[in-house]
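Asker: Pasting a structure here, questions to come.
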Amino acid sequence: MRSLFVSLSRTYGFMYWWPASSPSEVIVGAILAQNTSWKNVEKALKLLRGIELNDLIVREDLEDLIRPAGFYRQKSRYLRNAIKYYIDKIENLSLPFSVREEMLSIEGIGRETADSIALYAFHQRTVPVDSYTLRVLNRFFSSNFSIKDYEHIRHLLIQAFSTDELMEFHGLIDEHAKRVCLKNPLCNVCKISEKCPGRR
DNA sequence: CACCAGGCCCTAT
DNA sequence: ATAGGGCATGGT
């Protein structure tokens, strides 16, 4: 794991992947980003900018505001669920035990979203295991993990890295997958690509 | 035109 | 337990 980290790190430098935004911004972004390109998420985030959380959950036009991010009917519901929860439980009471576990009980928050929020909004030691992560790891280790191995991979990563490193690692994986693995045809089999840092 | 994007939930088997 | 379908917009 660490050799992959070092390799990616040398190639891309430091990724300001979900920097200095407030916890609520991370929550909203994570939900909007479900199966949706970040570009579309940004359009929606722009429309939401400046709206207080308390207002956001009661607005009738929430669906319209997040429309660019797609799945706006379910996501508007998910957002209300999560934000209400955040306001009631997390904002007031001090930080709960495990944000991951807390969030998993909310309708619309699955493992990936919960882990993203726990890590990037609350700096808790976990990491989302998305399809990019699986793809890069599989190429690097010539393995064949699937989404069924979510927990396994997550534990491997948690054991290998500190919280700060996990934040960085996930950002690097994402950057690498987008910039190289998806664009460069050779990188479809990573191991034969000269440019691919995941190459052994 | 087809396919995908930083998933999740529900249903039928 | 788990595969399959629905959800929706915008980019390539």
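By convention in this document, the chains of the structure tokens carry letters A, B, ... by their order, each chain's residues are numbered from 1, and ligands are numbered from 1 in the order they are shown.
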Only residues of chain A matter here; which ones have an atom within 6 Å of chain B, counting only C-alpha atoms (C1' of nucleotides)? Give them as a ChimeraX atom specification.
Answerer: /A:34-37,108
Asker: May I have a table of the residues of chain C lying at most 6 Å from chain A, giving each one's closest pair of atoms and their distance in Å to one decimal, counting only C-alpha atoms (C1' of nucleotides), ordered by chain and ascending residue number, as a tab-separated table?
Answerer:
residue	atom	partner	partner_atom	distance
C:DC7	C1'	A:Phe71	CA	5.5
C:DA8	C1'	A:Gly70	CA	4.4
C:DT9	C1'	A:Gly70	CA	4.5
Asker: Would you please give, as a PyMOL selection string, all residues of segment 19-176 of chain A that DSSP assigns to helix (DSSP H, G or I) based on the backbone?
Answerer: chain A and resi 23-32+38-48+53-56+62-69+72-92+99-104+111-121+131-141+147-160+163-176
Asker: So that I can see what lies close to Ile147 of chain A, please list as a list in words the residues with an atom at most 10 Å from it, counting only C-alpha atoms (C1' of nucleotides) and leaving out residues fewer than 3 positions away in the same chain.
Answerer: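 Listing them by chain and then by number gives Val129, Asp130, Ser131, Leu134, Tyr150, Glu151, His152 and Ile153 of chain A.
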Asker: Which distance in Å separates atom CA of Arg135 of chain A and atom CA of Arg100 of chain A, to one decimal?
Answerer: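 Going from atom CA of Arg135 of chain A over to atom CA of Arg100 of chain A covers 23.5 Å.
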Asker: Can you pull out every residue within 12 Å of Ser24 of chain A, counting only C-alpha atoms (C1' of nucleotides), but drop anything in the same chain fewer than 2 positions away, and send it as a VMD selection string?
Answerer: chain A and resid 20 to 22 26 to 31 45 48 to 49 51 to 54 56 79 to 80 82 to 87 90 to 91 117 to 118 120 to 122
Asker: Do a neighbour search on segment 167-170 of chain A at 8 Å with only C-alpha atoms (C1' of nucleotides), toss out local chain neighbours closer than 4 positions, and write the hits as a list in words.
Answerer: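 Once the adjacent positions are removed, what remains is Phe5, Phe14, Met15, Trp17, Leu119, Tyr120, Val127, Pro128, Thr133, Thr163 and Asp174 of chain A.
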